[in-house]
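Structure below is input_2.txt: compact mmCIF, C-alpha atoms and all ligand atoms.
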```
# COMPACT_ATOMS: atom_id res chain seq x y z
CA MET A 1 0.33 -20.85 -1.61
CA LYS A 2 3.81 -19.48 -2.16
CA LEU A 3 5.13 -16.19 -0.82
CA ARG A 4 7.95 -14.50 -2.72
CA PHE A 5 9.41 -11.12 -3.60
CA ALA A 6 7.70 -9.36 -6.47
CA ASP A 7 9.49 -8.58 -9.71
CA GLU A 8 8.71 -6.57 -12.84
CA ARG A 9 6.72 -9.47 -14.37
CA ASP A 10 4.23 -9.29 -11.47
CA ILE A 11 3.32 -5.64 -11.90
CA ASP A 12 0.33 -6.12 -14.19
CA ALA A 13 -1.08 -8.92 -12.02
CA VAL A 14 -0.62 -6.82 -8.87
CA ALA A 15 -2.50 -3.96 -10.55
CA SER A 16 -5.30 -6.44 -11.34
CA VAL A 17 -5.50 -7.59 -7.72
CA HIS A 18 -5.50 -3.96 -6.58
CA LEU A 19 -8.35 -3.09 -8.99
CA ALA A 20 -10.40 -6.00 -7.65
CA ALA A 21 -9.51 -5.55 -3.95
CA PHE A 22 -10.05 -1.79 -3.74
CA PRO A 23 -13.20 -1.03 -5.72
CA GLY A 24 -14.35 2.59 -5.46
CA PHE A 25 -11.06 3.87 -4.03
CA PHE A 26 -9.39 6.94 -5.45
CA LEU A 27 -6.19 5.21 -6.60
CA THR A 28 -8.28 2.52 -8.29
CA SER A 29 -10.10 5.25 -10.22
CA LEU A 30 -6.76 6.30 -11.72
CA GLY A 31 -6.57 3.00 -13.57
CA ARG A 32 -4.23 0.13 -14.35
CA LYS A 33 -1.47 2.19 -15.93
CA PHE A 34 -1.24 4.46 -12.93
CA LEU A 35 -1.29 1.56 -10.45
CA SER A 36 1.43 -0.25 -12.37
CA GLU A 37 3.64 2.82 -12.19
CA MET A 38 2.92 3.22 -8.49
CA TYR A 39 3.81 -0.40 -7.63
CA ARG A 40 6.90 -0.18 -9.82
CA GLY A 41 8.05 2.51 -7.37
CA PHE A 42 8.35 -0.18 -4.66
CA LEU A 43 10.43 -2.39 -6.93
CA ASN A 44 12.79 0.37 -7.89
CA HIS A 45 13.67 1.81 -4.51
CA PRO A 46 16.21 0.03 -2.29
CA SER A 47 13.97 0.45 0.76
CA GLY A 48 10.95 -1.06 -1.03
CA ILE A 49 9.49 -4.26 0.45
CA PHE A 50 7.19 -5.85 -2.06
CA LEU A 51 5.85 -9.39 -1.69
CA VAL A 52 3.38 -11.39 -3.70
CA ALA A 53 1.35 -14.46 -2.79
CA GLU A 54 1.12 -16.93 -5.62
CA GLY A 55 -1.49 -19.65 -5.99
CA GLU A 56 -1.65 -22.03 -8.96
CA GLY A 57 0.93 -19.92 -10.72
CA LYS A 58 -1.06 -16.70 -10.38
CA VAL A 59 -0.66 -13.65 -8.16
CA ILE A 60 -3.50 -13.76 -5.62
CA GLY A 61 -2.29 -11.14 -3.17
CA PHE A 62 0.44 -8.61 -2.48
CA ALA A 63 1.94 -6.41 0.24
CA ALA A 64 4.00 -3.32 -0.56
CA GLY A 65 5.78 -0.84 1.67
CA THR A 66 9.10 0.64 2.61
CA SER A 67 11.62 0.37 5.43
CA GLU A 68 12.53 4.05 4.95
CA PRO A 69 9.32 5.98 4.30
CA SER A 70 10.99 9.36 4.37
CA SER A 71 13.58 8.76 1.63
CA PHE A 72 11.15 6.60 -0.32
CA PHE A 73 8.57 9.36 -0.69
CA THR A 74 11.14 12.09 -1.30
CA GLU A 75 12.58 10.06 -4.15
CA LEU A 76 9.15 9.17 -5.49
CA ARG A 77 8.32 12.87 -5.74
CA ARG A 78 11.64 13.68 -7.35
CA LYS A 79 11.83 10.85 -9.88
CA ARG A 80 8.28 9.85 -10.69
CA PHE A 81 6.12 12.94 -10.41
CA ILE A 82 5.87 13.54 -14.16
CA SER A 83 5.31 9.93 -14.97
CA PHE A 84 2.53 9.69 -12.35
CA LEU A 85 0.90 12.76 -13.84
CA LEU A 86 1.05 11.24 -17.32
CA CYS A 87 -0.42 7.95 -16.12
CA ALA A 88 -3.21 9.79 -14.31
CA PHE A 89 -3.85 11.99 -17.36
CA PRO A 90 -7.28 10.62 -18.32
CA ALA A 91 -8.55 11.14 -14.76
CA LEU A 92 -6.89 14.55 -14.59
CA LEU A 93 -8.70 15.64 -17.74
CA ARG A 94 -12.03 14.72 -16.17
CA ASN A 95 -11.49 16.65 -12.94
CA PRO A 96 -8.11 18.43 -12.88
CA SER A 97 -7.97 20.21 -9.53
CA THR A 98 -9.58 17.53 -7.34
CA VAL A 99 -7.58 14.71 -8.91
CA LEU A 100 -4.31 16.60 -8.64
CA GLN A 101 -4.85 17.44 -4.98
CA LYS A 102 -5.89 13.91 -4.08
CA LEU A 103 -3.08 12.42 -6.13
CA ILE A 104 -0.44 14.42 -4.31
CA LYS A 105 -1.87 13.51 -0.91
CA ALA A 106 -2.54 9.88 -1.69
CA VAL A 107 0.73 9.03 -3.37
CA PHE A 108 3.43 11.42 -2.40
CA TYR A 109 2.58 12.11 1.21
CA ARG A 110 1.14 8.76 2.15
CA GLY A 111 2.43 7.94 5.62
CA ASP A 112 5.27 10.36 5.15
CA LYS A 113 7.03 11.10 8.44
CA PRO A 114 4.19 10.99 10.98
CA ALA A 115 5.43 12.53 14.23
CA GLY A 116 6.75 9.95 16.66
CA LEU A 117 6.96 7.17 14.09
CA GLU A 118 10.38 7.92 12.67
CA GLY A 119 12.39 4.75 12.34
CA GLY A 120 9.43 2.54 11.51
CA ALA A 121 8.57 0.74 8.30
CA LEU A 122 5.41 1.65 6.40
CA LEU A 123 3.02 -0.90 4.95
CA SER A 124 1.53 1.13 2.10
CA SER A 125 -0.78 -1.38 0.51
CA ILE A 126 -1.97 -4.94 1.05
CA GLY A 127 -4.61 -6.69 -0.99
CA VAL A 128 -5.92 -10.17 -1.63
CA ARG A 129 -8.04 -11.26 -4.59
CA PRO A 130 -11.71 -11.18 -3.51
CA ASP A 131 -12.41 -14.81 -4.47
CA VAL A 132 -9.77 -16.12 -2.01
CA LEU A 133 -10.42 -13.91 1.04
CA GLY A 134 -10.44 -15.40 4.52
CA LYS A 135 -7.87 -18.12 3.75
CA SER A 136 -5.00 -16.55 5.73
CA ILE A 137 -3.29 -15.22 2.62
CA GLY A 138 -3.41 -11.69 4.07
CA GLN A 139 -1.93 -12.94 7.32
CA LYS A 140 0.92 -14.69 5.54
CA LEU A 141 1.66 -11.57 3.51
CA LEU A 142 1.68 -9.50 6.69
CA ASN A 143 3.99 -11.97 8.45
CA GLY A 144 6.34 -12.04 5.47
CA PHE A 145 6.39 -8.26 5.32
CA GLU A 146 7.18 -8.03 9.06
CA ARG A 147 9.98 -10.60 8.75
CA GLU A 148 11.59 -8.53 6.02
CA VAL A 149 11.19 -5.34 8.08
CA LEU A 150 13.11 -7.00 10.94
CA LEU A 151 15.83 -8.16 8.57
CA ARG A 152 16.26 -4.56 7.50
CA GLY A 153 16.83 -3.45 11.07
CA ARG A 154 13.44 -1.87 11.78
CA ASP A 155 11.40 -2.97 14.75
CA PHE A 156 7.94 -1.64 14.06
CA VAL A 157 5.46 -1.32 11.22
CA TYR A 158 2.80 1.34 10.79
CA LEU A 159 -0.03 1.79 8.31
CA THR A 160 -3.25 3.72 7.86
CA THR A 161 -6.73 2.53 7.01
CA ASP A 162 -10.29 3.84 7.08
CA LYS A 163 -12.06 3.84 10.42
CA VAL A 164 -15.61 3.87 9.10
CA GLY A 165 -17.23 1.12 7.04
CA ASN A 166 -14.08 -0.97 7.26
CA ASP A 167 -14.75 -3.33 10.17
CA ARG A 168 -13.31 -6.47 8.59
CA VAL A 169 -10.04 -4.82 7.65
CA ASN A 170 -9.74 -3.29 11.12
CA ALA A 171 -10.45 -6.70 12.64
CA PHE A 172 -7.76 -8.18 10.38
CA TYR A 173 -5.08 -5.81 11.71
CA LYS A 174 -6.14 -6.22 15.35
CA LYS A 175 -6.13 -9.99 15.00
CA ASN A 176 -2.58 -9.74 13.69
CA GLY A 177 -1.27 -7.76 16.67
CA TYR A 178 -1.65 -4.17 15.43
CA PHE A 179 -2.93 -1.45 17.79
CA VAL A 180 -4.47 1.92 16.99
CA GLU A 181 -1.78 4.54 17.55
CA SER A 182 -3.87 7.56 16.47
CA SER A 183 -6.76 8.68 14.33
CA PHE A 184 -6.95 11.68 12.04
CA SER A 185 -9.22 13.29 9.47
CA GLN A 186 -8.41 13.29 5.81
CA HIS A 187 -9.93 15.21 2.92
CA ALA A 188 -13.69 14.86 2.48
CA GLY A 189 -14.12 14.16 6.19
CA ARG A 190 -12.68 10.65 5.94
CA THR A 191 -11.52 9.38 9.35
CA MET A 192 -8.37 7.31 9.24
CA LEU A 193 -6.77 5.06 11.85
CA ARG A 194 -3.04 4.69 12.10
CA TYR A 195 -1.99 1.25 13.32
CA VAL A 196 1.35 0.19 14.73
CA LYS A 197 2.86 -3.20 15.50
CA ASN A 198 6.09 -3.69 17.39
CA ILE A 199 7.77 -6.74 15.95
C1 LIG B 1 -7.47 -7.07 4.47
C2 LIG B 1 -7.16 -8.27 3.57
C3 LIG B 1 -5.79 -8.08 2.94
C4 LIG B 1 -7.17 -9.52 4.43
O1 LIG B 1 -6.82 -10.64 3.61
P1 LIG B 1 -7.34 -12.12 3.90
O2 LIG B 1 -6.49 -13.07 3.14
O3 LIG B 1 -8.80 -12.19 3.69
O4 LIG B 1 -7.03 -12.20 5.47
P2 LIG B 1 -6.84 -13.49 6.38
O5 LIG B 1 -7.55 -14.65 5.77
O6 LIG B 1 -5.44 -13.64 6.77
O7 LIG B 1 -7.58 -13.01 7.68
C5 LIG B 1 -8.96 -13.13 7.78
C6 LIG B 1 -9.43 -12.03 8.68
O8 LIG B 1 -9.43 -10.81 7.94
C7 LIG B 1 -10.64 -10.15 8.17
N1 LIG B 1 -11.29 -10.00 6.87
C8 LIG B 1 -11.30 -8.80 6.23
N2 LIG B 1 -12.02 -8.88 5.12
C9 LIG B 1 -12.44 -10.15 5.01
C10 LIG B 1 -13.26 -10.84 4.07
N3 LIG B 1 -13.83 -10.18 3.05
N4 LIG B 1 -13.49 -12.16 4.23
C11 LIG B 1 -12.98 -12.80 5.30
N5 LIG B 1 -12.21 -12.19 6.23
C12 LIG B 1 -11.96 -10.88 6.11
C13 LIG B 1 -11.42 -10.90 9.22
O9 LIG B 1 -11.09 -10.33 10.47
C14 LIG B 1 -10.84 -12.28 9.14
O10 LIG B 1 -10.78 -12.87 10.39
P3 LIG B 1 -11.77 -14.10 10.76
O11 LIG B 1 -11.45 -15.16 9.77
O12 LIG B 1 -11.43 -14.43 12.17
O13 LIG B 1 -13.15 -13.53 10.57
C15 LIG B 1 -8.26 -8.45 2.51
O14 LIG B 1 -9.50 -8.46 3.14
C16 LIG B 1 -8.29 -7.38 1.41
O15 LIG B 1 -7.58 -7.46 0.42
N6 LIG B 1 -9.14 -6.38 1.59
C17 LIG B 1 -9.36 -5.34 0.57
C18 LIG B 1 -8.19 -4.42 0.46
C19 LIG B 1 -7.93 -3.67 1.76
O16 LIG B 1 -8.83 -3.04 2.31
N7 LIG B 1 -6.67 -3.74 2.24
C20 LIG B 1 -6.24 -3.08 3.44
C21 LIG B 1 -6.09 -1.63 3.20
S1 LIG B 1 -5.26 -0.81 4.50
```
Just give me the structure of the file as structure tokens.
Amino acid sequence: MKLRFADERDIDAVASVHLAAFPGFFLTSLGRKFLSEMYRGFLNHPSGIFLVAEGEGKVIGFAAGTSEPSSFFTELRRKRFISFLLCAFPALLRNPSTVLQKLIKAVFYRGDKPAGLEGGALLSSIGVRPDVLGKSIGQKLLNGFEREVLLRGRDFVYLTTDKVGNDRVNAFYKKNGYFVESSFSQHAGRTMLRYVKNI
């Protein structure tokens, strides 16, 4: 397995891994075009940290985040709002108000400036292709992401994930040295855990 920085040619494959790794999630429901645009955001911002794991010449996993969550999300709102709306158009037509509300929360305010976590890097998304789970690919992606965070002068990483029905993912973060910093409720009564790791 090879770990490397993502580039534009990986976007479609990353969207495929996302679609397979996050079935039933809201962002997945917005489709490939939307996901491609979202991941492109990490390529196009200087604070973006975007790694892919490659096996037999194919993308089998990815990790995407930012070393400056605050400026990253401000810029995302400013530069990509219209294009996100256009990419989410089919879903918006089906259910305009719910999709718009969720879209704004899920994309533009994801991890944005949580109190007390200023100065940290945000891991926004990590996924491994379902047929190669449990082979330490996730761990290698996480380690690579943390190395890059350190190189950029940040000394901790934070992220959020579901508390309920998500035991394996929670075990994955704990095993990799992350601790629960807080928990909070999101729309539709979803309980989220915010994890931190000092690196
Ligand atoms: C979380 C994820 C990236 C871990 O990737 P991975 O390559 O399977 O992880 P590793 O092999 O490095 O670590 C294995 C550990 O992850 C956990 N794990 C989570 N889901 C797992 C699965 N389906 N199969 C095996 N291990 C899994 C276990 O704790 C396991 O530890 P163990 O081997 O001691 O039981 C991967 O399960 C995934 O893509 N999940 C779906 C997307 C997701 O929920 N991402 C996180 C959102 S915040």
Output the neighbourhood of ligand LIG 1 (chain B) as a compact mmCIF listing (two decimals) with C-alpha atoms, keeping the file's coordinate frame, that is, all protein and nucleic acid residues with some atom at most 9 Å from the ligand, counting all atoms listed in the file.
```
# COMPACT_ATOMS: atom_id res chain seq x y z
CA VAL A 17 -5.50 -7.59 -7.72
CA HIS A 18 -5.50 -3.96 -6.58
CA ALA A 20 -10.40 -6.00 -7.65
CA ALA A 21 -9.51 -5.55 -3.95
CA PHE A 22 -10.05 -1.79 -3.74
CA PRO A 23 -13.20 -1.03 -5.72
CA GLY A 61 -2.29 -11.14 -3.17
CA PHE A 62 0.44 -8.61 -2.48
CA ALA A 63 1.94 -6.41 0.24
CA LEU A 123 3.02 -0.90 4.95
CA SER A 124 1.53 1.13 2.10
CA SER A 125 -0.78 -1.38 0.51
CA ILE A 126 -1.97 -4.94 1.05
CA GLY A 127 -4.61 -6.69 -0.99
CA VAL A 128 -5.92 -10.17 -1.63
CA ARG A 129 -8.04 -11.26 -4.59
CA PRO A 130 -11.71 -11.18 -3.51
CA ASP A 131 -12.41 -14.81 -4.47
CA VAL A 132 -9.77 -16.12 -2.01
CA LEU A 133 -10.42 -13.91 1.04
CA GLY A 134 -10.44 -15.40 4.52
CA LYS A 135 -7.87 -18.12 3.75
CA SER A 136 -5.00 -16.55 5.73
CA ILE A 137 -3.29 -15.22 2.62
CA GLY A 138 -3.41 -11.69 4.07
CA GLN A 139 -1.93 -12.94 7.32
CA LYS A 140 0.92 -14.69 5.54
CA LEU A 141 1.66 -11.57 3.51
CA LEU A 142 1.68 -9.50 6.69
CA LEU A 159 -0.03 1.79 8.31
CA THR A 160 -3.25 3.72 7.86
CA THR A 161 -6.73 2.53 7.01
CA ASP A 162 -10.29 3.84 7.08
CA ASN A 166 -14.08 -0.97 7.26
CA ASP A 167 -14.75 -3.33 10.17
CA ARG A 168 -13.31 -6.47 8.59
CA VAL A 169 -10.04 -4.82 7.65
CA ASN A 170 -9.74 -3.29 11.12
CA ALA A 171 -10.45 -6.70 12.64
CA PHE A 172 -7.76 -8.18 10.38
CA TYR A 173 -5.08 -5.81 11.71
CA LYS A 174 -6.14 -6.22 15.35
CA LYS A 175 -6.13 -9.99 15.00
CA ASN A 176 -2.58 -9.74 13.69
```
Discussion item. Restricting the calculation to only C-alpha atoms: of A:Met1, A:Leu85, A:Met38, A:Val164, which residue gets closest to Gln101 (chain A)?
Written reply: A:Leu85
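Distance-wise, CA of Val196 (chain A) and CA of Phe42 (chain A) end up 20.6 Å apart.
When CA of Thr66 (chain A) is paired with CA of Arg147 (chain A), their separation reads 12.8 Å.
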Practice prompt. Can you pull out every residue within 12 Å of Phe81 (chain A), counting only C-alpha atoms, but drop anything in the same chain fewer than 5 positions away, and send it as a ChimeraX atom specification?
Written response: /A:34,37-38,41,73-76,86-88,100,103-104,107-108
Discussion item. Using all atoms listed in the file for the distances, tell me which of A:Ala115, A:Lys105, A:Asp7, A:Gly55 is nearest to Gln186 (chain A).
Written reply: A:Lys105
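Taking CA of Glu181 (chain A) and CA of Tyr195 (chain A) as the two end points, the separation is 5.4 Å.
Among the candidate residues A:Ser29, A:Asn198, A:Ser183, A:Ser16, the one lying nearest to Asp155 (chain A) is A:Asn198, with distances computed using only C-alpha atoms.
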Edge lengths and centre, in Å to one decimal, as AutoDock Vina command-line options: that's what I need for the box along x, y and z that holds all listed atoms of region 79-90 of chain A plus 6 Å on each side.
```
--center_x 2.3 --center_y 10.7 --center_z -14.1 --size_x 31.1 --size_y 17.6 --size_z 20.4
```
Worksheet item: Ser185 (chain A): which residues within 10 Å, counting only C-alpha atoms, same-chain residues fewer than 5 positions away excluded, as number ranges by chain?
Response: A: 162-163, 190-193
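Checking A:Leu19, A:Leu43, A:Leu30, A:Leu122 one by one against Arg94 (chain A), counting all atoms listed in the file, you find the shortest gap at A:Leu30.
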Worksheet item: Hey, which of A:Leu27, A:Leu150, A:Leu117, A:Leu93 ends up closest to Pro69 (chain A)? Count all atoms listed in the file.
Response: A:Leu117
Item to complete: Have a look at A:Gly24, A:Lys33, A:Ala6, A:Pro114 and name the one nearest to Phe89 (chain A); count only C-alpha atoms.
Response: A:Lys33
